[in-house]
Each structure stands twice: as C-alpha cells, then as structure tokens.
>>> print(open('coords22.pdb').read())   # PDB, C-alpha atoms
ATOM      1  CA  SER A   6      -3.568   4.971 -12.246
ATOM      2  CA  GLN A   7      -4.881   2.693  -9.510
ATOM      3  CA  GLN A   8      -3.217   3.617  -6.249
ATOM      4  CA  GLY A   9      -4.134   3.432  -2.609
ATOM      5  CA  GLU A  10      -4.601   6.769  -0.882
ATOM      6  CA  GLU A  11      -3.596   6.720   2.765
ATOM      7  CA  ASP A  12      -5.166   9.048   5.267
ATOM      8  CA  PRO A  13      -3.931  10.860   7.273
ATOM      9  CA  GLN A  14      -0.563  11.683   5.699
ATOM     10  CA  ALA A  15       0.919  12.156   9.173
ATOM     11  CA  LEU A  16      -0.169  11.121  12.653
ATOM     12  CA  SER A  17       1.359  11.966  16.045
ATOM     13  CA  ILE A  18       0.267  10.176  19.210
ATOM     14  CA  GLN A  19       1.488   9.323  22.710
ATOM     15  CA  GLU A  20       2.697   5.912  23.755
ATOM     16  CA  GLY A  21      -0.192   3.722  24.830
ATOM     17  CA  GLU A  22      -2.705   5.354  22.492
ATOM     18  CA  ASN A  23      -4.215   3.631  19.488
ATOM     19  CA  ALA A  24      -3.284   4.662  15.949
ATOM     20  CA  THR A  25      -5.672   4.320  13.047
ATOM     21  CA  MET A  26      -4.782   4.897   9.431
ATOM     22  CA  ASN A  27      -6.938   4.430   6.383
ATOM     23  CA  CYS A  28      -6.487   3.436   2.762
ATOM     24  CA  SER A  29      -8.966   4.096  -0.017
ATOM     25  CA  TYR A  30      -8.811   2.841  -3.583
ATOM     26  CA  LYS A  31     -10.807   3.047  -6.775
ATOM     27  CA  THR A  32     -10.959  -0.273  -8.615
ATOM     28  CA  SER A  33     -11.438  -3.915  -7.691
ATOM     29  CA  ILE A  34      -8.695  -5.768  -5.862
ATOM     30  CA  ASN A  35      -7.769  -9.328  -5.023
ATOM     31  CA  ASN A  36      -6.123  -8.454  -1.727
ATOM     32  CA  LEU A  37      -4.807  -5.498   0.224
ATOM     33  CA  GLN A  38      -1.539  -5.508   2.133
ATOM     34  CA  TRP A  39       0.025  -3.239   4.750
ATOM     35  CA  TYR A  40       3.756  -2.598   5.046
ATOM     36  CA  ARG A  41       5.898  -0.703   7.544
ATOM     37  CA  GLN A  42       9.047   1.241   6.724
ATOM     38  CA  ASN A  43      11.398   2.448   9.426
ATOM     39  CA  SER A  44      13.484   5.467   8.545
ATOM     40  CA  GLY A  45      16.213   4.602   6.057
ATOM     41  CA  ARG A  46      15.190   0.949   5.782
ATOM     42  CA  GLY A  47      13.319  -1.309   3.388
ATOM     43  CA  LEU A  48       9.643  -2.136   3.719
ATOM     44  CA  VAL A  49       8.459  -4.949   5.961
ATOM     45  CA  HIS A  50       5.226  -6.825   5.316
ATOM     46  CA  LEU A  51       2.709  -6.583   8.177
ATOM     47  CA  ILE A  52      -0.505  -8.221   7.065
ATOM     48  CA  LEU A  53      -2.474  -9.324   3.992
ATOM     49  CA  ILE A  54      -6.255  -9.324   3.828
ATOM     50  CA  ARG A  55      -8.063 -10.973   0.938
ATOM     51  CA  SER A  56     -11.043  -9.409  -0.791
ATOM     52  CA  ASN A  57     -13.424 -11.969   0.744
ATOM     53  CA  GLU A  58     -12.240 -11.193   4.285
ATOM     54  CA  ARG A  59     -13.561  -8.347   6.422
ATOM     55  CA  GLU A  60     -11.187  -8.311   9.354
ATOM     56  CA  LYS A  61      -7.832  -9.740  10.274
ATOM     57  CA  HIS A  62      -5.664  -9.576  13.395
ATOM     58  CA  SER A  63      -1.962  -9.989  13.990
ATOM     59  CA  GLY A  64      -0.686  -9.202  17.467
ATOM     60  CA  ARG A  65      -1.483  -5.523  18.138
ATOM     61  CA  LEU A  66      -2.563  -4.979  14.528
ATOM     62  CA  ARG A  67      -6.142  -5.080  13.322
ATOM     63  CA  VAL A  68      -6.972  -4.610   9.663
ATOM     64  CA  THR A  69     -10.434  -4.195   8.204
ATOM     65  CA  LEU A  70     -11.506  -4.224   4.590
ATOM     66  CA  ASP A  71     -14.765  -2.870   3.204
ATOM     67  CA  THR A  72     -14.890  -3.679  -0.494
ATOM     68  CA  SER A  73     -18.229  -1.897  -0.936
ATOM     69  CA  LYS A  74     -16.619   1.359   0.216
ATOM     70  CA  LYS A  75     -13.268   0.432  -1.334
ATOM     71  CA  SER A  76     -11.438   1.188   1.873
ATOM     72  CA  SER A  77      -9.273  -0.451   4.506
ATOM     73  CA  SER A  78      -8.073   0.594   7.919
ATOM     74  CA  LEU A  79      -5.044  -0.392   9.981
ATOM     75  CA  LEU A  80      -5.358  -0.101  13.749
ATOM     76  CA  ILE A  81      -2.310  -0.348  15.976
ATOM     77  CA  THR A  82      -3.338  -0.745  19.606
ATOM     78  CA  ALA A  83      -1.312   0.384  22.615
ATOM     79  CA  SER A  84       1.308   2.103  20.445
ATOM     80  CA  ARG A  85       4.967   2.079  21.389
ATOM     81  CA  ALA A  86       7.820   4.380  20.429
ATOM     82  CA  ALA A  87       9.147   1.516  18.273
ATOM     83  CA  ASP A  88       5.989   1.769  16.106
ATOM     84  CA  THR A  89       7.265   5.107  14.773
ATOM     85  CA  ALA A  90       7.523   4.497  11.035
ATOM     86  CA  SER A  91       5.783   5.047   7.728
ATOM     87  CA  TYR A  92       2.935   2.707   6.874
ATOM     88  CA  PHE A  93       1.909   1.856   3.318
ATOM     89  CA  CYS A  94      -1.066   0.069   1.895
ATOM     90  CA  ALA A  95      -0.501  -1.961  -1.253
ATOM     91  CA  LEU A  96      -3.164  -3.157  -3.662
ATOM     92  CA  GLY A  97      -3.015  -6.660  -5.128
ATOM     93  CA  GLY A  98      -4.986  -7.073  -8.311
ATOM     94  CA  ALA A  99      -5.102  -9.570 -11.131
ATOM     95  CA  GLY A 100      -1.606  -8.748 -12.303
ATOM     96  CA  THR A 101       1.762  -9.662 -10.938
ATOM     97  CA  ALA A 102       2.733  -6.440  -9.213
ATOM     98  CA  LEU A 103       1.468  -4.605  -6.133
ATOM     99  CA  ILE A 104       0.524  -0.929  -6.298
ATOM    100  CA  PHE A 105       1.713   1.039  -3.276
ATOM    101  CA  GLY A 106       0.180   4.164  -1.796
ATOM    102  CA  LYS A 107       2.145   7.198  -0.617
ATOM    103  CA  GLY A 108       2.066   6.241   3.030
ATOM    104  CA  THR A 109       1.141   7.533   6.485
ATOM    105  CA  THR A 110       3.944   8.724   8.751
ATOM    106  CA  LEU A 111       3.295   7.708  12.347
ATOM    107  CA  SER A 112       5.183   9.320  15.205
ATOM    108  CA  VAL A 113       4.776   7.842  18.693
ATOM    109  CA  SER A 114       6.265   9.863  21.531
ATOM    110  CA  SER A 115       7.075   8.542  24.976
TER
ATOM    111  CA  ASN B  15      19.300 -16.577   5.239
ATOM    112  CA  ALA B  16      20.330 -13.091   4.163
ATOM    113  CA  GLY B  17      16.955 -12.428   2.494
ATOM    114  CA  VAL B  18      17.199  -9.737  -0.184
ATOM    115  CA  THR B  19      20.561  -8.029  -0.551
ATOM    116  CA  GLN B  20      21.392  -4.961  -2.611
ATOM    117  CA  THR B  21      24.666  -3.400  -3.670
ATOM    118  CA  PRO B  22      25.845  -0.724  -3.455
ATOM    119  CA  LYS B  23      24.188   0.996  -0.474
ATOM    120  CA  PHE B  24      25.123   4.477  -1.695
ATOM    121  CA  GLN B  25      26.233   5.840  -5.054
ATOM    122  CA  VAL B  26      26.928   9.262  -6.528
ATOM    123  CA  LEU B  27      27.008   9.589 -10.305
ATOM    124  CA  LYS B  28      27.552  12.425 -12.726
ATOM    125  CA  THR B  29      24.963  13.073 -15.421
ATOM    126  CA  GLY B  30      25.526  10.709 -18.328
ATOM    127  CA  GLN B  31      27.388   8.039 -16.383
ATOM    128  CA  SER B  32      26.100   4.494 -16.307
ATOM    129  CA  MET B  33      25.853   1.995 -13.497
ATOM    130  CA  THR B  34      24.222  -1.278 -12.491
ATOM    131  CA  LEU B  35      22.419  -1.885  -9.226
ATOM    132  CA  GLN B  36      22.660  -5.454  -8.054
ATOM    133  CA  CYS B  37      20.017  -7.457  -6.210
ATOM    134  CA  ALA B  38      20.047 -11.039  -4.996
ATOM    135  CA  GLN B  39      17.678 -13.166  -2.935
ATOM    136  CA  ASP B  40      18.312 -16.510  -1.269
ATOM    137  CA  MET B  41      14.687 -17.498  -0.597
ATOM    138  CA  ASN B  42      14.128 -19.340  -3.903
ATOM    139  CA  HIS B  43      11.452 -16.803  -4.858
ATOM    140  CA  ASN B  44      10.056 -16.684  -8.360
ATOM    141  CA  SER B  45       9.201 -12.989  -8.702
ATOM    142  CA  MET B  46      11.523 -10.019  -8.288
ATOM    143  CA  TYR B  47      10.904  -6.278  -8.515
ATOM    144  CA  TRP B  48      12.655  -2.937  -8.736
ATOM    145  CA  TYR B  49      11.023   0.163  -7.195
ATOM    146  CA  ARG B  50      12.072   3.726  -6.748
ATOM    147  CA  GLN B  51      10.982   5.830  -3.783
ATOM    148  CA  ASP B  52      10.877   9.593  -3.956
ATOM    149  CA  PRO B  53       9.685  11.963  -1.205
ATOM    150  CA  GLY B  54       5.902  12.230  -1.199
ATOM    151  CA  MET B  55       5.531   9.731  -4.064
ATOM    152  CA  GLY B  56       5.479   6.388  -2.326
ATOM    153  CA  LEU B  57       6.976   3.436  -4.175
ATOM    154  CA  ARG B  58       6.751   3.270  -7.931
ATOM    155  CA  LEU B  59       7.439   0.079  -9.841
ATOM    156  CA  ILE B  60      10.182   0.318 -12.460
ATOM    157  CA  TYR B  61      10.435  -3.258 -13.757
ATOM    158  CA  TYR B  62       9.559  -6.694 -12.516
ATOM    159  CA  SER B  63      10.300 -10.294 -13.334
ATOM    160  CA  ALA B  64       7.513 -12.772 -12.694
ATOM    161  CA  SER B  65       9.850 -15.707 -13.203
ATOM    162  CA  GLU B  66      13.337 -16.506 -14.386
ATOM    163  CA  GLY B  67      13.691 -15.513 -18.020
ATOM    164  CA  THR B  68      10.892 -12.948 -18.098
ATOM    165  CA  THR B  69      10.846  -9.219 -17.434
ATOM    166  CA  ASP B  70       8.101  -6.621 -17.755
ATOM    167  CA  LYS B  71       7.818  -2.868 -17.528
ATOM    168  CA  GLY B  72       6.223  -1.243 -14.528
ATOM    169  CA  GLU B  73       4.933   2.283 -14.037
ATOM    170  CA  VAL B  74       8.211   4.196 -14.627
ATOM    171  CA  PRO B  75      10.567   2.152 -16.870
ATOM    172  CA  ASN B  76      12.050   4.943 -18.990
ATOM    173  CA  GLY B  77      15.818   5.315 -18.602
ATOM    174  CA  TYR B  78      16.260   1.850 -17.071
ATOM    175  CA  ASN B  79      16.985  -1.685 -18.205
ATOM    176  CA  VAL B  80      16.911  -4.911 -16.234
ATOM    177  CA  SER B  81      18.370  -8.384 -16.410
ATOM    178  CA  ARG B  82      17.095 -11.467 -14.617
ATOM    179  CA  LEU B  83      20.453 -13.213 -14.593
ATOM    180  CA  ASN B  84      19.135 -16.355 -12.882
ATOM    181  CA  LYS B  85      16.513 -17.150 -10.290
ATOM    182  CA  ARG B  86      18.513 -15.414  -7.539
ATOM    183  CA  GLU B  87      19.668 -12.222  -9.222
ATOM    184  CA  PHE B  88      17.887  -9.255 -10.786
ATOM    185  CA  SER B  89      19.918  -6.227 -11.815
ATOM    186  CA  LEU B  90      18.857  -2.692 -12.743
ATOM    187  CA  ARG B  91      20.960  -0.670 -15.171
ATOM    188  CA  LEU B  92      20.994   3.065 -15.755
ATOM    189  CA  GLU B  93      22.575   3.592 -19.170
ATOM    190  CA  SER B  94      22.890   7.384 -18.999
ATOM    191  CA  ALA B  95      22.040   8.740 -15.578
ATOM    192  CA  ALA B  96      19.989  11.917 -15.223
ATOM    193  CA  PRO B  97      19.339  14.084 -12.137
ATOM    194  CA  SER B  98      15.677  12.961 -12.276
ATOM    195  CA  GLN B  99      16.896   9.479 -11.397
ATOM    196  CA  THR B 100      18.135  10.635  -8.002
ATOM    197  CA  SER B 101      16.133   8.400  -5.693
ATOM    198  CA  VAL B 102      16.208   5.474  -3.307
ATOM    199  CA  TYR B 103      15.955   2.178  -5.170
ATOM    200  CA  PHE B 104      14.485  -0.925  -3.604
ATOM    201  CA  CYS B 105      14.591  -4.479  -4.812
ATOM    202  CA  ALA B 106      11.952  -6.935  -3.632
ATOM    203  CA  SER B 107      11.001 -10.558  -4.174
ATOM    204  CA  SER B 108       7.923 -12.692  -3.651
ATOM    205  CA  PRO B 109       7.428 -16.458  -3.626
ATOM    206  CA  ARG B 110       4.915 -17.049  -6.389
ATOM    207  CA  ARG B 111       4.742 -15.934  -9.975
ATOM    208  CA  GLN B 112       1.537 -14.017  -9.301
ATOM    209  CA  GLY B 113       3.354 -11.564  -7.068
ATOM    210  CA  SER B 114       0.299  -9.537  -6.187
ATOM    211  CA  TYR B 115      -1.177 -12.536  -4.353
ATOM    212  CA  ASN B 116       1.518 -12.761  -1.709
ATOM    213  CA  GLU B 117       3.808 -10.660   0.400
ATOM    214  CA  GLN B 118       6.951  -9.050  -0.908
ATOM    215  CA  PHE B 119      10.299  -9.064   0.842
ATOM    216  CA  PHE B 120      12.404  -5.942   0.466
ATOM    217  CA  GLY B 121      16.097  -5.238   0.402
ATOM    218  CA  PRO B 122      17.672  -2.359   2.366
ATOM    219  CA  GLY B 123      17.782   0.006  -0.614
ATOM    220  CA  THR B 124      20.368   1.898  -2.652
ATOM    221  CA  ARG B 125      20.547   5.670  -2.290
ATOM    222  CA  LEU B 126      21.524   7.112  -5.657
ATOM    223  CA  THR B 127      22.392  10.745  -6.300
ATOM    224  CA  VAL B 128      22.930  12.000  -9.839
ATOM    225  CA  LEU B 129      24.715  15.351 -10.070
TER
END
>>> encode(input="coords22.pdb", output="structure tokens")
Amino acid sequence: SQQGEEDPQALSIQEGENATMNCSYKTSINNLQWYRQNSGRGLVHLILIRSNEREKHSGRLRVTLDTSKKSSSLLITASRAADTASYFCALGGAGTALIFGKGTTLSVSS
Amino acid sequence: NAGVTQTPKFQVLKTGQSMTLQCAQDMNHNSMYWYRQDPGMGLRLIYYSASEGTTDKGEVPNGYNVSRLNKREFSLRLESAAPSQTSVYFCASSPRRQGSYNEQFFGPGTRLTVL
C-alpha cells in the first residue's frame, strides 16, 4: 500500500549539528506532513507542505518536496537535546486519511 | 482546551475479554481517527470518521468496531481481545472533513496488553 519510507531509520548527532531525514513515496499526493513523537507521547504536527510547494520553513525546520522524485526532506538546524524524538512523514492524498511512514528516530546528545 | 483526550491510559486484558477505548476532542473538529502503533510498523489506521454519523474502515479494521457518538466522541471497541491486538492506540482529530488536507491532533495514547 502507499506509505512513506523514511531514511535513515535512526540518526545520532551532537547538539548544534544539523539533522536531515528523508521520506520517499510511490504515488501522487496532495500534501506531505511531518510529525514528531516524543517517547511515550502522541504525535505532534510540525509542518505541512502542499504538492505545488517546493520548500517551507518553520523556525529551525526546513522541509523540501520534490514531486518529480517523489521525495521530501526534513532539516532540523542547530539541533538540541530536546529534539530527540521520532519523526514521521505522512502522505495526504485524495482521501480522508493520512498514511504514515515508519519513522526516523533522532537522538541528539549534549 | 484539553485537545484530544483518551481513556484509559493503560489496560491489561485477558484473551477473549472485551473493552471500549474512549476518545473525546473539544476543538469542534469534524474528522476523528483511531490508529494503532506497533514497534517498527509506524502508525496504521484502524477506522476513521470523516464527520458525525459516518465511519469508514482503515488499513487494519479486523477485530474492532467504532462508534461516533457525537461530534466530540469517537470510541473503539474490541469485542474479543487477542494477543495480536497488544499495541499502543492513538486517537486523532482534524478540522475538516477531508482529513488528509490538514493537520491531525493526537491524544496521548492507550497502552493495551492482551495476555
């Protein structure tokens, strides 16, 4: 079934470094969203990028979308220990529901 | 605003027992969703309700039933629990009927263990 594939599955960096994670998908989408999940908590929406947009910023987050390559990337600049979490891409299509990927686990050490 | 609330937070069942997971949102959202999250599997949609009075199956509906009691509440029922239903269950809501067009707001989850 249509699902986003995040890459890498796990990422470990030092505080202050940038973190980049990618999401690839197979069919057409209306929008792509990124969510964060802290350990033991629910998901929190970070950013939504529509299919006609190429780049979007929100604070230290930068998301790109390349519909020709069917891929998106999430960049977190100047990472902090508090950014330690799992990050999920979610695909928005013509239907009502989002399709979530399996996530990237980010660990930021101080 | 409390956002999306779920009860209970934890539950242990024996195989064959039944239970209902409760979810409520106070944001006047139209769409509500139930997901399960298993290690290494991401979130999988069980059922959703695009608006009050409607429900639809998601990717993994077998063994579950849902009720959209009113605009605020969306419950998930396990009629005869099985160990394969051990998981963390999340409820979510989104403002518009076309839920895939806008962000979803998640509850804190219910950790269910079926022995």
>>> residues_around(input="coords22.pdb", residues="range 50-54 of chain A", least_positions_apart="6", cutoff="12 Å", atoms="all atoms listed in the file", output="ChimeraX atom specification")
/A:34-43,60-72,76-81,88,92-97,103 /B:106-108,114-120
>>> atom_distance(input="coords22.pdb", atom1="CA of Ile18 in chain A", atom2="CA of Ser84 in chain A")
8.2 Å
>>> resolve_selection(input="coords22.pdb", expression="the PyMOL selection byres ((chain B and resi 49) around 7)", output="MDAnalysis selection string")
chainID B and resid 47:48 50:51 57:60 103:105
>>> residues_around(input="coords22.pdb", residues="Val102 in chain B", least_positions_apart="6", cutoff="8 Å", atoms="only C-alpha atoms", output="PDB file with C-alpha atoms, in the coordinates of the input")
ATOM      1  CA  ARG B  50      12.072   3.726  -6.748  1.00  0.00           C
ATOM      2  CA  GLN B  51      10.982   5.830  -3.783  1.00  0.00           C
ATOM      3  CA  ASP B  52      10.877   9.593  -3.956  1.00  0.00           C
ATOM      4  CA  GLY B 123      17.782   0.006  -0.614  1.00  0.00           C
ATOM      5  CA  THR B 124      20.368   1.898  -2.652  1.00  0.00           C
ATOM      6  CA  ARG B 125      20.547   5.670  -2.290  1.00  0.00           C
ATOM      7  CA  LEU B 126      21.524   7.112  -5.657  1.00  0.00           C
TER       8      LEU B 126
END
>>> closest_residue(input="coords22.pdb", among="B:Tyr61, B:Pro109, B:Ser101, B:Asn44", to="Lys85 in chain B", atoms="all atoms listed in the file")
B:Asn44
>>> closest_atom_pairs(input="coords22.pdb", of="chain A", to="chain B", cutoff="7 Å", atoms="all atoms listed in the file", output="Markdown table")
| residue | atom | partner | partner_atom | distance |
| --- | --- | --- | --- | --- |
| A:Asn36 | CA | B:Tyr115 | CA | 6.9 |
| A:Arg46 | CA | B:Pro122 | CA | 5.4 |
| A:Gly47 | CA | B:Pro122 | CA | 4.6 |
| A:Leu48 | CA | B:Phe120 | CA | 5.7 |
| A:Val49 | CA | B:Phe119 | CA | 6.8 |
| A:His50 | CA | B:Glu117 | CA | 6.4 |
| A:Gly97 | CA | B:Ser114 | CA | 4.5 |
| A:Gly98 | CA | B:Ser114 | CA | 6.2 |
| A:Gly100 | CA | B:Ser114 | CA | 6.5 |
| A:Thr101 | CA | B:Gly113 | CA | 4.6 |
| A:Ala102 | CA | B:Ser114 | CA | 5.0 |
| A:Leu103 | CA | B:Ser114 | CA | 5.1 |
| A:Phe105 | CA | B:Leu57 | CA | 5.9 |
| A:Gly106 | CA | B:Gly56 | CA | 5.8 |
| A:Lys107 | CA | B:Gly56 | CA | 3.8 |
| A:Gly108 | CA | B:Gly56 | CA | 6.4 |
>>> closest_residue(input="coords22.pdb", among="B:Thr69, B:Leu35, B:Thr21, B:Ala16", to="Arg91 in chain B", atoms="all atoms listed in the file")
B:Leu35
>>> atom_distance(input="coords22.pdb", atom1="CA of Arg55 in chain A", atom2="CA of Ala24 in chain A")
22.2 Å
>>> atom_distance(input="coords22.pdb", atom1="CA of Glu87 in chain B", atom2="CA of Gln8 in chain A")
28.0 Å
>>> build_atoms(input="coords22.pdb", residues="range 45-79 of chain A", atoms="N, CA and C atoms", output="PDB file, keeping the file's coordinate frame")
ATOM      1  N   GLY A  45      14.984   5.049   6.689  1.00  0.00           N
ATOM      2  CA  GLY A  45      16.213   4.602   6.057  1.00  0.00           C
ATOM      3  C   GLY A  45      16.290   3.100   5.795  1.00  0.00           C
ATOM      4  N   ARG A  46      15.182   2.401   5.960  1.00  0.00           N
ATOM      5  CA  ARG A  46      15.190   0.949   5.782  1.00  0.00           C
ATOM      6  C   ARG A  46      14.232   0.527   4.683  1.00  0.00           C
ATOM      7  N   GLY A  47      14.275  -0.761   4.347  1.00  0.00           N
ATOM      8  CA  GLY A  47      13.319  -1.309   3.388  1.00  0.00           C
ATOM      9  C   GLY A  47      11.967  -1.559   4.039  1.00  0.00           C
ATOM     10  N   LEU A  48      10.977  -1.870   3.211  1.00  0.00           N
ATOM     11  CA  LEU A  48       9.643  -2.136   3.719  1.00  0.00           C
ATOM     12  C   LEU A  48       9.547  -3.533   4.301  1.00  0.00           C
ATOM     13  N   VAL A  49       8.703  -3.661   5.317  1.00  0.00           N
ATOM     14  CA  VAL A  49       8.459  -4.949   5.961  1.00  0.00           C
ATOM     15  C   VAL A  49       6.965  -5.240   5.902  1.00  0.00           C
ATOM     16  N   HIS A  50       6.630  -6.429   5.436  1.00  0.00           N
ATOM     17  CA  HIS A  50       5.226  -6.825   5.316  1.00  0.00           C
ATOM     18  C   HIS A  50       4.614  -7.010   6.703  1.00  0.00           C
ATOM     19  N   LEU A  51       3.409  -6.446   6.899  1.00  0.00           N
ATOM     20  CA  LEU A  51       2.709  -6.583   8.177  1.00  0.00           C
ATOM     21  C   LEU A  51       1.567  -7.581   8.086  1.00  0.00           C
ATOM     22  N   ILE A  52       0.702  -7.416   7.101  1.00  0.00           N
ATOM     23  CA  ILE A  52      -0.505  -8.221   7.065  1.00  0.00           C
ATOM     24  C   ILE A  52      -1.120  -8.158   5.663  1.00  0.00           C
ATOM     25  N   LEU A  53      -1.769  -9.240   5.267  1.00  0.00           N
ATOM     26  CA  LEU A  53      -2.474  -9.324   3.992  1.00  0.00           C
ATOM     27  C   LEU A  53      -3.914  -9.698   4.286  1.00  0.00           C
ATOM     28  N   ILE A  54      -4.841  -8.990   3.687  1.00  0.00           N
ATOM     29  CA  ILE A  54      -6.255  -9.324   3.828  1.00  0.00           C
ATOM     30  C   ILE A  54      -6.830  -9.527   2.428  1.00  0.00           C
ATOM     31  N   ARG A  55      -7.505 -10.648   2.248  1.00  0.00           N
ATOM     32  CA  ARG A  55      -8.063 -10.973   0.938  1.00  0.00           C
ATOM     33  C   ARG A  55      -9.407 -10.269   0.755  1.00  0.00           C
ATOM     34  N   SER A  56      -9.828 -10.171  -0.485  1.00  0.00           N
ATOM     35  CA  SER A  56     -11.043  -9.409  -0.791  1.00  0.00           C
ATOM     36  C   SER A  56     -12.303 -10.032  -0.192  1.00  0.00           C
ATOM     37  N   ASN A  57     -12.252 -11.333   0.151  1.00  0.00           N
ATOM     38  CA  ASN A  57     -13.424 -11.969   0.744  1.00  0.00           C
ATOM     39  C   ASN A  57     -13.365 -11.983   2.278  1.00  0.00           C
ATOM     40  N   GLU A  58     -12.363 -11.305   2.835  1.00  0.00           N
ATOM     41  CA  GLU A  58     -12.240 -11.193   4.285  1.00  0.00           C
ATOM     42  C   GLU A  58     -12.627  -9.788   4.715  1.00  0.00           C
ATOM     43  N   ARG A  59     -13.142  -9.660   5.931  1.00  0.00           N
ATOM     44  CA  ARG A  59     -13.561  -8.347   6.422  1.00  0.00           C
ATOM     45  C   ARG A  59     -12.647  -7.815   7.518  1.00  0.00           C
ATOM     46  N   GLU A  60     -12.024  -8.737   8.240  1.00  0.00           N
ATOM     47  CA  GLU A  60     -11.187  -8.311   9.354  1.00  0.00           C
ATOM     48  C   GLU A  60     -10.093  -9.343   9.577  1.00  0.00           C
ATOM     49  N   LYS A  61      -8.933  -8.836   9.990  1.00  0.00           N
ATOM     50  CA  LYS A  61      -7.832  -9.740  10.274  1.00  0.00           C
ATOM     51  C   LYS A  61      -6.993  -9.154  11.405  1.00  0.00           C
ATOM     52  N   HIS A  62      -6.462 -10.028  12.256  1.00  0.00           N
ATOM     53  CA  HIS A  62      -5.664  -9.576  13.395  1.00  0.00           C
ATOM     54  C   HIS A  62      -4.281 -10.209  13.328  1.00  0.00           C
ATOM     55  N   SER A  63      -3.301  -9.455  13.820  1.00  0.00           N
ATOM     56  CA  SER A  63      -1.962  -9.989  13.990  1.00  0.00           C
ATOM     57  C   SER A  63      -1.315  -9.243  15.140  1.00  0.00           C
ATOM     58  N   GLY A  64      -1.245  -9.873  16.298  1.00  0.00           N
ATOM     59  CA  GLY A  64      -0.686  -9.202  17.467  1.00  0.00           C
ATOM     60  C   GLY A  64      -1.479  -7.948  17.811  1.00  0.00           C
ATOM     61  N   ARG A  65      -0.803  -6.797  17.830  1.00  0.00           N
ATOM     62  CA  ARG A  65      -1.483  -5.523  18.138  1.00  0.00           C
ATOM     63  C   ARG A  65      -2.089  -4.858  16.891  1.00  0.00           C
ATOM     64  N   LEU A  66      -2.036  -5.534  15.770  1.00  0.00           N
ATOM     65  CA  LEU A  66      -2.563  -4.979  14.528  1.00  0.00           C
ATOM     66  C   LEU A  66      -3.939  -5.550  14.230  1.00  0.00           C
ATOM     67  N   ARG A  67      -4.819  -4.651  13.786  1.00  0.00           N
ATOM     68  CA  ARG A  67      -6.142  -5.080  13.322  1.00  0.00           C
ATOM     69  C   ARG A  67      -6.401  -4.375  11.996  1.00  0.00           C
ATOM     70  N   VAL A  68      -6.693  -5.163  10.984  1.00  0.00           N
ATOM     71  CA  VAL A  68      -6.972  -4.610   9.663  1.00  0.00           C
ATOM     72  C   VAL A  68      -8.407  -4.946   9.281  1.00  0.00           C
ATOM     73  N   THR A  69      -9.092  -3.963   8.744  1.00  0.00           N
ATOM     74  CA  THR A  69     -10.434  -4.195   8.204  1.00  0.00           C
ATOM     75  C   THR A  69     -10.440  -3.857   6.723  1.00  0.00           C
ATOM     76  N   LEU A  70     -11.345  -4.474   6.015  1.00  0.00           N
ATOM     77  CA  LEU A  70     -11.506  -4.224   4.590  1.00  0.00           C
ATOM     78  C   LEU A  70     -12.991  -4.144   4.273  1.00  0.00           C
ATOM     79  N   ASP A  71     -13.379  -3.059   3.648  1.00  0.00           N
ATOM     80  CA  ASP A  71     -14.765  -2.870   3.204  1.00  0.00           C
ATOM     81  C   ASP A  71     -14.727  -2.682   1.686  1.00  0.00           C
ATOM     82  N   THR A  72     -14.997  -3.749   0.970  1.00  0.00           N
ATOM     83  CA  THR A  72     -14.890  -3.679  -0.494  1.00  0.00           C
ATOM     84  C   THR A  72     -16.015  -2.849  -1.110  1.00  0.00           C
ATOM     85  N   SER A  73     -17.139  -2.719  -0.400  1.00  0.00           N
ATOM     86  CA  SER A  73     -18.229  -1.897  -0.936  1.00  0.00           C
ATOM     87  C   SER A  73     -17.856  -0.417  -0.905  1.00  0.00           C
ATOM     88  N   LYS A  74     -17.077  -0.031   0.104  1.00  0.00           N
ATOM     89  CA  LYS A  74     -16.619   1.359   0.216  1.00  0.00           C
ATOM     90  C   LYS A  74     -15.225   1.528  -0.365  1.00  0.00           C
ATOM     91  N   LYS A  75     -14.623   0.416  -0.799  1.00  0.00           N
ATOM     92  CA  LYS A  75     -13.268   0.432  -1.334  1.00  0.00           C
ATOM     93  C   LYS A  75     -12.322   1.125  -0.345  1.00  0.00           C
ATOM     94  N   SER A  76     -12.308   0.606   0.867  1.00  0.00           N
ATOM     95  CA  SER A  76     -11.438   1.188   1.873  1.00  0.00           C
ATOM     96  C   SER A  76     -10.979   0.136   2.868  1.00  0.00           C
ATOM     97  N   SER A  77      -9.842   0.419   3.490  1.00  0.00           N
ATOM     98  CA  SER A  77      -9.273  -0.451   4.506  1.00  0.00           C
ATOM     99  C   SER A  77      -8.732   0.427   5.628  1.00  0.00           C
ATOM    100  N   SER A  78      -8.685  -0.131   6.819  1.00  0.00           N
ATOM    101  CA  SER A  78      -8.073   0.594   7.919  1.00  0.00           C
ATOM    102  C   SER A  78      -7.099  -0.317   8.647  1.00  0.00           C
ATOM    103  N   LEU A  79      -6.037   0.292   9.155  1.00  0.00           N
ATOM    104  CA  LEU A  79      -5.044  -0.392   9.981  1.00  0.00           C
ATOM    105  C   LEU A  79      -5.087   0.251  11.360  1.00  0.00           C
TER     106      LEU A  79
END
